[in-house]
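Engineer: Structure file final24.txt, compact mmCIF, C-alpha atoms, is pasted below:
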# COMPACT_ATOMS: atom_id res chain seq x y z
CA MET Z 1 0.00 0.00 0.00
CA ASN Z 2 2.83 2.31 0.91
CA LYS Z 3 4.67 1.45 -2.32
CA LYS Z 4 1.62 2.28 -4.41
CA TYR Z 5 1.22 5.57 -2.59
CA THR Z 6 4.90 6.42 -3.09
CA LYS Z 7 4.74 5.53 -6.77
CA GLY Z 8 1.59 7.59 -7.26
CA THR Z 9 3.14 10.56 -5.49
CA PHE Z 10 6.26 10.28 -7.63
CA ILE Z 11 4.18 10.25 -10.83
CA LEU Z 12 2.23 13.32 -9.70
CA GLU Z 13 5.45 15.15 -8.90
CA ILE Z 14 6.89 14.35 -12.34
CA PHE Z 15 3.66 15.52 -13.96
CA ALA Z 16 3.72 18.75 -11.93
CA ILE Z 17 7.34 19.41 -12.93
CA LEU Z 18 6.58 18.85 -16.62
CA LEU Z 19 3.53 21.10 -16.40
CA ALA Z 20 5.61 23.82 -14.72
CA LEU Z 21 8.24 23.57 -17.48
CA ILE Z 22 5.54 23.96 -20.13
CA PHE Z 23 4.30 27.15 -18.47
CA LEU Z 24 7.89 28.44 -18.21
CA VAL Z 25 8.63 27.98 -21.93
CA PRO Z 26 7.04 31.33 -22.96
CA PHE Z 27 9.13 33.12 -20.33
CA TYR Z 28 12.26 31.56 -21.81
CA PHE Z 29 11.39 32.76 -25.31
CA VAL Z 30 10.63 36.29 -24.11
CA ILE Z 31 13.78 36.67 -21.99
CA ALA Z 32 16.15 34.96 -24.43
CA ASN Z 33 14.92 36.91 -27.46
CA SER Z 34 14.92 40.20 -25.57
CA LEU Z 35 18.72 39.89 -25.48
CA LYS Z 36 19.12 39.27 -29.23
CA GLY Z 37 19.26 41.46 -32.28
CA PHE Z 38 16.25 41.52 -34.62
CA SER Z 39 18.00 39.46 -37.34
CA GLU Z 40 19.07 36.80 -34.85
CA ILE Z 41 15.49 36.42 -33.63
CA LEU Z 42 14.36 35.73 -37.19
CA LEU Z 43 17.11 33.14 -37.71
CA ASP Z 44 16.44 31.05 -34.59
CA ALA Z 45 14.04 32.23 -31.92
CA ALA Z 46 14.57 29.14 -29.74
CA ALA Z 47 18.35 29.38 -29.41
CA LEU Z 48 20.25 31.25 -26.74
CA PRO Z 49 21.73 34.62 -27.81
CA THR Z 50 25.13 34.43 -29.46
CA GLU Z 51 25.73 37.94 -28.15
CA TRP Z 52 23.92 39.16 -25.05
CA LEU Z 53 22.57 42.59 -26.00
CA PHE Z 54 21.67 44.24 -22.70
CA SER Z 55 21.72 47.47 -24.67
CA ASN Z 56 18.17 46.58 -25.78
CA TYR Z 57 16.96 47.40 -22.29
CA VAL Z 58 18.81 50.71 -22.24
CA LYS Z 59 17.23 51.72 -25.55
CA VAL Z 60 13.75 50.70 -24.42
CA TRP Z 61 14.16 52.63 -21.19
CA GLN Z 62 14.89 55.79 -23.17
CA ILE Z 63 12.47 55.33 -26.09
CA LEU Z 64 9.44 54.56 -23.91
CA ASP Z 65 10.27 57.07 -21.19
CA PHE Z 66 9.87 54.01 -19.00
CA PRO Z 67 9.93 55.81 -15.62
CA ARG Z 68 6.85 57.82 -16.62
CA ALA Z 69 4.96 54.75 -17.90
CA PHE Z 70 5.93 52.84 -14.76
CA TRP Z 71 4.72 55.69 -12.55
CA ASN Z 72 1.38 55.87 -14.38
CA SER Z 73 0.85 52.12 -13.99
CA LEU Z 74 1.88 52.26 -10.34
CA VAL Z 75 -0.46 55.15 -9.46
CA ILE Z 76 -3.42 53.57 -11.25
CA THR Z 77 -2.81 50.15 -9.70
CA VAL Z 78 -2.23 51.36 -6.13
CA LEU Z 79 -5.13 53.83 -5.97
CA SER Z 80 -7.51 51.38 -7.66
CA ASN Z 81 -6.59 48.69 -5.14
CA ILE Z 82 -7.11 51.02 -2.19
CA GLY Z 83 -10.56 52.01 -3.42
CA LEU Z 84 -11.58 48.45 -4.27
CA VAL Z 85 -10.53 47.17 -0.84
CA ILE Z 86 -12.40 49.92 1.03
CA ILE Z 87 -15.59 49.77 -1.04
CA SER Z 88 -15.81 45.97 -1.36
CA SER Z 89 -14.95 45.11 2.25
CA MET Z 90 -17.44 47.58 3.73
CA ALA Z 91 -20.20 46.59 1.30
CA ALA Z 92 -19.69 42.85 1.88
CA TRP Z 93 -19.67 43.29 5.67
CA LYS Z 94 -22.89 45.32 5.56
CA MET Z 95 -24.62 42.74 3.34
CA VAL Z 96 -23.64 39.82 5.56
CA ARG Z 97 -24.57 41.55 8.82
CA THR Z 98 -27.95 42.80 7.55
CA PRO Z 99 -29.50 39.69 6.00
CA GLY Z 100 -32.69 40.15 4.04
CA LYS Z 101 -34.19 40.15 0.58
CA PHE Z 102 -32.58 43.45 -0.39
CA SER Z 103 -29.09 42.29 0.62
CA LYS Z 104 -29.51 38.99 -1.21
CA MET Z 105 -30.82 40.71 -4.33
CA LEU Z 106 -28.00 43.24 -4.28
CA PHE Z 107 -25.42 40.47 -3.88
CA VAL Z 108 -26.93 38.58 -6.83
CA PHE Z 109 -26.66 41.71 -8.98
CA PHE Z 110 -22.98 42.09 -8.12
CA VAL Z 111 -22.26 38.43 -8.85
CA ALA Z 112 -24.18 38.64 -12.14
CA ALA Z 113 -22.03 41.60 -13.18
CA MET Z 114 -18.99 39.32 -13.11
CA VAL Z 115 -20.20 37.42 -16.19
CA ILE Z 116 -20.90 40.47 -18.37
CA PRO Z 117 -18.21 40.70 -21.11
CA PHE Z 118 -16.31 43.97 -21.13
CA GLN Z 119 -16.76 44.27 -24.91
CA THR Z 120 -20.53 44.68 -24.48
CA VAL Z 121 -20.13 47.86 -22.42
CA MET Z 122 -17.20 49.47 -24.25
CA ILE Z 123 -19.19 51.92 -26.35
CA PRO Z 124 -21.61 52.98 -23.56
CA LEU Z 125 -18.61 53.35 -21.23
CA VAL Z 126 -16.81 55.72 -23.59
CA LYS Z 127 -19.95 57.79 -24.15
CA LEU Z 128 -20.70 58.01 -20.42
CA GLY Z 129 -17.07 58.83 -19.63
CA GLY Z 130 -17.16 61.64 -22.19
CA MET Z 131 -20.37 63.04 -20.71
CA LEU Z 132 -18.88 63.00 -17.20
CA GLY Z 133 -15.57 64.48 -18.36
CA ILE Z 134 -13.43 61.66 -16.98
CA MET Z 135 -11.92 60.47 -20.24
CA ASN Z 136 -8.18 60.84 -20.84
CA SER Z 137 -7.41 61.18 -17.14
CA ILE Z 138 -5.89 58.92 -14.48
CA PRO Z 139 -8.66 59.67 -11.92
CA GLY Z 140 -11.22 58.74 -14.57
CA ILE Z 141 -9.73 55.33 -15.31
CA ILE Z 142 -9.38 54.64 -11.58
CA ILE Z 143 -13.11 55.28 -11.13
CA MET Z 144 -13.82 52.86 -13.98
CA TYR Z 145 -11.65 50.20 -12.34
CA PHE Z 146 -13.76 50.63 -9.21
CA GLY Z 147 -16.84 49.74 -11.22
CA PHE Z 148 -15.34 46.73 -12.97
CA GLY Z 149 -13.39 45.40 -9.97
CA VAL Z 150 -15.97 45.60 -7.17
CA PRO Z 151 -18.05 42.51 -8.16
CA LEU Z 152 -15.22 39.97 -7.80
CA SER Z 153 -13.70 41.70 -4.78
CA LEU Z 154 -17.07 41.89 -3.02
CA PHE Z 155 -17.76 38.23 -3.81
CA LEU Z 156 -14.50 37.17 -2.14
CA TYR Z 157 -15.04 39.42 0.88
CA HIS Z 158 -18.65 38.24 1.25
CA GLY Z 159 -17.59 34.63 1.76
CA PHE Z 160 -14.82 35.56 4.19
CA VAL Z 161 -16.91 37.89 6.36
CA LYS Z 162 -19.18 34.94 7.21
CA THR Z 163 -16.26 33.33 9.06
CA VAL Z 164 -15.85 36.33 11.39
CA PRO Z 165 -17.66 35.65 14.71
CA VAL Z 166 -20.53 38.05 15.37
CA GLU Z 167 -19.80 37.81 19.11
CA VAL Z 168 -16.58 39.77 18.64
CA GLU Z 169 -18.48 42.68 17.11
CA GLU Z 170 -21.19 42.56 19.79
CA SER Z 171 -18.57 42.72 22.53
CA ALA Z 172 -17.04 45.79 20.91
CA ARG Z 173 -20.44 47.51 20.72
CA ILE Z 174 -21.09 46.77 24.39
CA ASP Z 175 -17.77 48.48 25.19
CA GLY Z 176 -19.05 51.58 23.39
CA CYS Z 177 -17.47 51.17 19.96
CA THR Z 178 -19.33 52.79 17.09
CA GLN Z 179 -20.35 50.87 13.96
CA PHE Z 180 -17.56 52.55 12.02
CA GLY Z 181 -15.09 51.64 14.76
CA VAL Z 182 -16.32 48.04 14.89
CA PHE Z 183 -15.50 47.57 11.24
CA TRP Z 184 -12.11 49.28 11.08
CA ARG Z 185 -10.82 48.25 14.51
CA ILE Z 186 -12.29 44.76 14.85
CA VAL Z 187 -13.49 43.34 11.53
CA PHE Z 188 -11.08 44.73 8.94
CA PRO Z 189 -7.89 43.45 10.66
CA LEU Z 190 -9.45 39.96 10.63
CA LEU Z 191 -9.94 40.26 6.85
CA LYS Z 192 -6.20 40.44 6.19
CA PRO Z 193 -5.90 37.05 4.35
CA ILE Z 194 -8.67 37.81 1.87
CA THR Z 195 -7.54 41.45 1.54
CA VAL Z 196 -4.11 40.28 0.40
CA THR Z 197 -5.78 37.91 -2.06
CA VAL Z 198 -7.98 40.68 -3.46
CA VAL Z 199 -4.98 43.01 -3.82
CA ILE Z 200 -2.93 40.36 -5.64
CA LEU Z 201 -5.68 39.41 -8.08
CA ASN Z 202 -6.59 43.03 -8.84
CA THR Z 203 -2.93 44.04 -9.20
CA LEU Z 204 -2.31 41.32 -11.79
CA TRP Z 205 -5.43 42.42 -13.68
CA ILE Z 206 -4.95 46.20 -13.55
CA TRP Z 207 -1.19 46.21 -14.13
CA ASN Z 208 -1.47 44.04 -17.25
CA ASP Z 209 -4.73 45.52 -18.57
CA TYR Z 210 -4.50 46.89 -22.09
CA LEU Z 211 -8.01 47.44 -23.46
CA LEU Z 212 -9.45 49.85 -20.88
CA PRO Z 213 -6.38 52.15 -20.84
CA LEU Z 214 -6.40 52.07 -24.65
CA LEU Z 215 -9.99 53.37 -24.65
CA VAL Z 216 -9.57 55.95 -21.90
CA LEU Z 217 -5.98 57.27 -22.02
CA GLN Z 218 -5.27 58.96 -25.36
CA ASP Z 219 -2.52 61.31 -24.14
CA ALA Z 220 0.99 59.86 -24.61
CA SER Z 221 2.07 61.20 -21.21
CA LEU Z 222 -0.63 59.08 -19.51
CA ARG Z 223 0.31 55.76 -21.14
CA THR Z 224 0.68 52.72 -18.93
CA ILE Z 225 3.36 50.08 -19.51
CA PRO Z 226 1.16 47.83 -21.73
CA LEU Z 227 0.19 50.81 -23.88
CA ALA Z 228 3.79 51.99 -24.17
CA THR Z 229 4.98 48.49 -25.06
CA SER Z 230 2.42 48.14 -27.84
CA SER Z 231 4.19 50.90 -29.79
CA PHE Z 232 6.83 48.34 -30.80
CA PHE Z 233 4.21 46.06 -32.37
CA ALA Z 234 2.58 48.33 -34.94
CA GLN Z 235 0.85 46.94 -38.01
CA TYR Z 236 3.77 47.35 -40.42
CA THR Z 237 6.80 47.66 -38.13
CA LYS Z 238 7.45 44.92 -35.59
CA GLN Z 239 10.55 45.61 -33.49
CA TRP Z 240 10.63 42.29 -31.69
CA ASP Z 241 13.98 42.89 -30.01
CA MET Z 242 12.81 46.17 -28.46
CA GLY Z 243 9.29 44.95 -27.78
CA LEU Z 244 10.38 41.83 -25.91
CA ALA Z 245 12.80 43.85 -23.79
CA ALA Z 246 9.93 46.20 -22.95
CA LEU Z 247 7.77 43.22 -21.99
CA VAL Z 248 10.44 41.96 -19.59
CA LEU Z 249 10.75 45.37 -17.95
CA GLY Z 250 6.98 45.52 -17.60
CA ILE Z 251 6.49 42.10 -16.00
CA ILE Z 252 9.42 42.22 -13.55
CA PRO Z 253 7.65 44.42 -10.92
CA VAL Z 254 4.42 42.42 -10.91
CA VAL Z 255 6.24 39.06 -10.88
CA ILE Z 256 8.26 40.15 -7.84
CA PHE Z 257 5.06 41.38 -6.18
CA PHE Z 258 3.28 38.10 -6.91
CA LEU Z 259 6.12 35.88 -5.67
CA PHE Z 260 6.35 37.90 -2.48
CA LEU Z 261 2.65 37.52 -1.61
CA GLN Z 262 1.57 34.32 -3.39
CA LYS Z 263 1.36 32.27 -0.18
CA HIS Z 264 -1.63 34.36 0.90
CA ILE Z 265 -3.74 33.53 -2.20
CA ILE Z 266 -4.62 29.93 -1.31
CA LYS Z 267 -5.07 30.81 2.35
CA GLY Z 268 -7.44 33.66 1.60
CA ILE Z 269 -9.58 31.85 -0.99
CA ALA Z 270 -9.75 28.66 1.10
CA SER Z 271 -10.82 30.60 4.19
CA GLY Z 272 -13.45 32.49 2.23
CA SER Z 273 -14.94 29.31 0.76
CA ILE Z 274 -15.56 27.59 4.11
CA LYS Z 275 -19.19 28.68 4.17
In structure tokens, what does this structure look like?
Structural biologist:
Amino acid sequence: MNKKYTKGTFILEIFAILLALIFLVPFYFVIANSLKGFSEILLDAAALPTEWLFSNYVKVWQILDFPRAFWNSLVITVLSNIGLVIISSMAAWKMVRTPGKFSKMLFVFFVAAMVIPFQTVMIPLVKLGGMLGIMNSIPGIIIMYFGFGVPLSLFLYHGFVKTVPVEVEESARIDGCTQFGVFWRIVFPLLKPITVTVVILNTLWIWNDYLLPLLVLQDASLRTIPLATSSFFAQYTKQWDMGLAALVLGIIPVVIFFLFLQKHIIKGIASGSIK
């Protein structure tokens, strides 16, 4: 019995390693080709560089004005995350603690919004943004990320809030704590695992998003990293050496962020799915 278990575990480990290697293949192609010249990429994209051209990264840094694009992406991602955490956590807590038909109906509406394709609301979104005067501005796109990001964030918070004991909140109220204080001093600190999960998932989405910034941010000085990178992949001119170097520069921050906090993802989602 033990031998069968050991053999089965070994097979699963081999399968997991092979699967991981398959997922790592695209990263190899991007990194290896970002250090080649354009002609060498065309000759053999799978081979290692014969000459390691780190100058590609220097050129990309200057051509894209990378610090500005990085700052735009950072501001949009950070402020969007802050707003999504505040709005979604408070709304989920209120829905869970005030059960009733209205809360259930409102929760269903939020969950239903998760399945609406973004392409179906693109044109109305642009028209509404123009009417409100929030197009071509960083505050405007942050407000739009609030609208598109709240459904998933609220769904995750809603499941996790159910695991927080009501007795803890009642004890705080007896001691004279206000409703606002109960949430921020008692409840919100207990939501740390799912908060980290929400931040990670939204960061990966917002940082890498291309379509919404393309619709909203027309000014070159407001371009995010995905928008700036796309300039190397125009219809008639494809600068693969520069473009791949730009891709590497763009994914390094979010990969580091993900690796640093990935252990909280499983913990947060598992805790939120208990009930």
Engineer: If you take all atoms listed in the file and a cut-off of 9 Å, which residues of stretch 139-181 of chain Z touch stretch 186-190 of chain Z, and what are their nearest atom pairs and distances in Å to one decimal, in chain and number order, as a Markdown table?
Structural biologist:
| residue | atom | partner | partner_atom | distance |
| --- | --- | --- | --- | --- |
| Z:Val161 | CA | Z:Val187 | CA | 8.3 |
| Z:Val164 | CA | Z:Leu190 | CA | 7.4 |
| Z:Val168 | CA | Z:Ile186 | CA | 7.6 |
| Z:Glu169 | CA | Z:Ile186 | CA | 6.9 |
| Z:Ala172 | CA | Z:Ile186 | CA | 7.8 |
| Z:Gly181 | CA | Z:Ile186 | CA | 7.4 |
Engineer: Take atom CA of Z:Trp71 and atom CA of Z:Phe155 and report the distance between them in Å, one decimal.
Structural biologist: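 Answer for the atom CA of Z:Trp71 to atom CA of Z:Phe155 separation: 29.8 Å.
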Engineer: Considering only C-alpha atoms, can you say which of Z:Ile143, Z:Ile256, Z:Ala220, Z:Ile251 comes closest to Z:Gly83?
Structural biologist: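 The closest residue to Z:Gly83 is Z:Ile143.
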Engineer: Choose the residue, out of Z:Gly100, Z:Pro67, Z:Gly37, Z:Pro117, that has the smallest atom-to-atom separation from Z:Phe148; count only C-alpha atoms.
Structural biologist: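 Checking each candidate against Z:Phe148, we get Z:Pro117 as the closest.
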Engineer: Need the shell around Z:Trp205: protein/DNA/RNA residues with any atom at most 12 Å away, counting only C-alpha atoms. Skip same-chain ones fewer than 3 positions apart. Format as a PyMOL selection string?
Structural biologist: chain Z and resi 73+76-77+80-81+145+148-149+152+198-202+208-212+226+254+258
Engineer: List the spatial neighbours of Z:Tyr57 as a list of chain:residue names - criterion: any atom at most 12 Å away, only C-alpha atoms, same-chain residues fewer than 5 positions off excluded.
Structural biologist: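 So the residues in contact are Z:Ile31, Z:Asn33, Z:Ser34, Z:Leu35, Z:Lys36, Z:Gly37, Z:Trp52, Z:Gln62, Z:Ile63, Z:Leu64, Z:Asp65, Z:Phe66, Z:Asp241, Z:Met242, Z:Gly243, Z:Leu244, Z:Ala245, Z:Ala246, Z:Leu247, Z:Val248, Z:Leu249, Z:Gly250.
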Engineer: Find, counting all atoms listed in the file, the residue in Z:Ala69, Z:Ile174, Z:Leu204, Z:Ala45 that gets nearest to Z:Val30.
Structural biologist: Z:Ala45
Engineer: Which residues are close to Z:Val108, i.e. within 10 Å by only C-alpha atoms, leaving aside same-chain residues fewer than 5 positions away? Reply as a PyMOL selection string.
Structural biologist: chain Z and resi 102-103+113+151+155
Engineer: So which residues are close to (-14.4, 38.4, 2.9), meaning at most 8 Å away in the file's coordinates with only C-alpha atoms counted, and can you show them as a VMD selection string?
Structural biologist: chain Z and resid 89 92 to 93 154 to 162 191 194 to 195 272
Engineer: Write a file of the just-selected residues containing C-alpha atoms, as a PDB file, keeping the file's coordinate frame.
Structural biologist:
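File out09.pdb, as written:
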ATOM      1  CA  SER Z  89     -14.950  45.110   2.250  1.00  0.00           C
ATOM      2  CA  ALA Z  92     -19.690  42.850   1.880  1.00  0.00           C
ATOM      3  CA  TRP Z  93     -19.670  43.290   5.670  1.00  0.00           C
ATOM      4  CA  LEU Z 154     -17.070  41.890  -3.020  1.00  0.00           C
ATOM      5  CA  PHE Z 155     -17.760  38.230  -3.810  1.00  0.00           C
ATOM      6  CA  LEU Z 156     -14.500  37.170  -2.140  1.00  0.00           C
ATOM      7  CA  TYR Z 157     -15.040  39.420   0.880  1.00  0.00           C
ATOM      8  CA  HIS Z 158     -18.650  38.240   1.250  1.00  0.00           C
ATOM      9  CA  GLY Z 159     -17.590  34.630   1.760  1.00  0.00           C
ATOM     10  CA  PHE Z 160     -14.820  35.560   4.190  1.00  0.00           C
ATOM     11  CA  VAL Z 161     -16.910  37.890   6.360  1.00  0.00           C
ATOM     12  CA  LYS Z 162     -19.180  34.940   7.210  1.00  0.00           C
ATOM     13  CA  LEU Z 191      -9.940  40.260   6.850  1.00  0.00           C
ATOM     14  CA  ILE Z 194      -8.670  37.810   1.870  1.00  0.00           C
ATOM     15  CA  THR Z 195      -7.540  41.450   1.540  1.00  0.00           C
ATOM     16  CA  GLY Z 272     -13.450  32.490   2.230  1.00  0.00           C
TER      17      GLY Z 272
END
Engineer: What does the distance between atom CA of Z:Leu18 and atom CA of Z:Ile252 come to in Å, to one decimal place?
Structural biologist: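 Atom CA of Z:Ile252 lies 23.7 Å from atom CA of Z:Leu18.
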Engineer: When you count only C-alpha atoms, which of these residues is closest to Z:Leu217: Z:Ile141, Z:Glu40, Z:Thr178, Z:Pro253?
Structural biologist: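 When distances to Z:Leu217 are compared using only C-alpha atoms, the smallest one comes from Z:Ile141.
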Engineer: Rank Z:Pro124, Z:Ile225, Z:Val85, Z:Val166 by their smallest atom-to-atom distance to Z:Thr197, using all atoms listed in the file, and report the top residue only.
Structural biologist: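 Of all the options, Z:Val85 lies closest to Z:Thr197.
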Engineer: In Å, rounded to a single decimal, give me how far atom CA of Z:Val25 is from atom CA of Z:Phe70.
Structural biologist: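 About the pair atom CA of Z:Phe70 and atom CA of Z:Val25: they are 26.0 Å apart.
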Engineer: Which one of Z:Val196, Z:Ala20, Z:Val150, Z:Glu167 sits closest to Z:Met90 if you count all atoms listed in the file?
Structural biologist: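 Under the stated criterion, the closest residue is Z:Val150.
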Engineer: Selecting C-alpha atoms, how would stretch 16-48 of chain Z from this structure be written as a PDB file, in the first residue's frame?
Structural biologist:
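Writing the result to decode_7.pdb gives the following:
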ATOM      1  CA  ALA Z  16       3.720  18.755 -11.933  1.00  0.00           C
ATOM      2  CA  ILE Z  17       7.341  19.412 -12.931  1.00  0.00           C
ATOM      3  CA  LEU Z  18       6.576  18.850 -16.618  1.00  0.00           C
ATOM      4  CA  LEU Z  19       3.535  21.104 -16.400  1.00  0.00           C
ATOM      5  CA  ALA Z  20       5.605  23.817 -14.720  1.00  0.00           C
ATOM      6  CA  LEU Z  21       8.239  23.567 -17.482  1.00  0.00           C
ATOM      7  CA  ILE Z  22       5.536  23.959 -20.132  1.00  0.00           C
ATOM      8  CA  PHE Z  23       4.304  27.153 -18.467  1.00  0.00           C
ATOM      9  CA  LEU Z  24       7.886  28.445 -18.207  1.00  0.00           C
ATOM     10  CA  VAL Z  25       8.629  27.983 -21.928  1.00  0.00           C
ATOM     11  CA  PRO Z  26       7.037  31.328 -22.959  1.00  0.00           C
ATOM     12  CA  PHE Z  27       9.133  33.123 -20.328  1.00  0.00           C
ATOM     13  CA  TYR Z  28      12.259  31.556 -21.811  1.00  0.00           C
ATOM     14  CA  PHE Z  29      11.389  32.760 -25.306  1.00  0.00           C
ATOM     15  CA  VAL Z  30      10.633  36.295 -24.111  1.00  0.00           C
ATOM     16  CA  ILE Z  31      13.780  36.667 -21.988  1.00  0.00           C
ATOM     17  CA  ALA Z  32      16.150  34.957 -24.434  1.00  0.00           C
ATOM     18  CA  ASN Z  33      14.924  36.905 -27.459  1.00  0.00           C
ATOM     19  CA  SER Z  34      14.921  40.205 -25.572  1.00  0.00           C
ATOM     20  CA  LEU Z  35      18.725  39.886 -25.478  1.00  0.00           C
ATOM     21  CA  LYS Z  36      19.124  39.273 -29.229  1.00  0.00           C
ATOM     22  CA  GLY Z  37      19.258  41.460 -32.275  1.00  0.00           C
ATOM     23  CA  PHE Z  38      16.254  41.517 -34.624  1.00  0.00           C
ATOM     24  CA  SER Z  39      17.996  39.463 -37.343  1.00  0.00           C
ATOM     25  CA  GLU Z  40      19.066  36.797 -34.851  1.00  0.00           C
ATOM     26  CA  ILE Z  41      15.486  36.418 -33.633  1.00  0.00           C
ATOM     27  CA  LEU Z  42      14.362  35.733 -37.193  1.00  0.00           C
ATOM     28  CA  LEU Z  43      17.114  33.138 -37.714  1.00  0.00           C
ATOM     29  CA  ASP Z  44      16.440  31.048 -34.585  1.00  0.00           C
ATOM     30  CA  ALA Z  45      14.036  32.229 -31.919  1.00  0.00           C
ATOM     31  CA  ALA Z  46      14.567  29.136 -29.742  1.00  0.00           C
ATOM     32  CA  ALA Z  47      18.347  29.382 -29.411  1.00  0.00           C
ATOM     33  CA  LEU Z  48      20.245  31.254 -26.737  1.00  0.00           C
TER      34      LEU Z  48
END
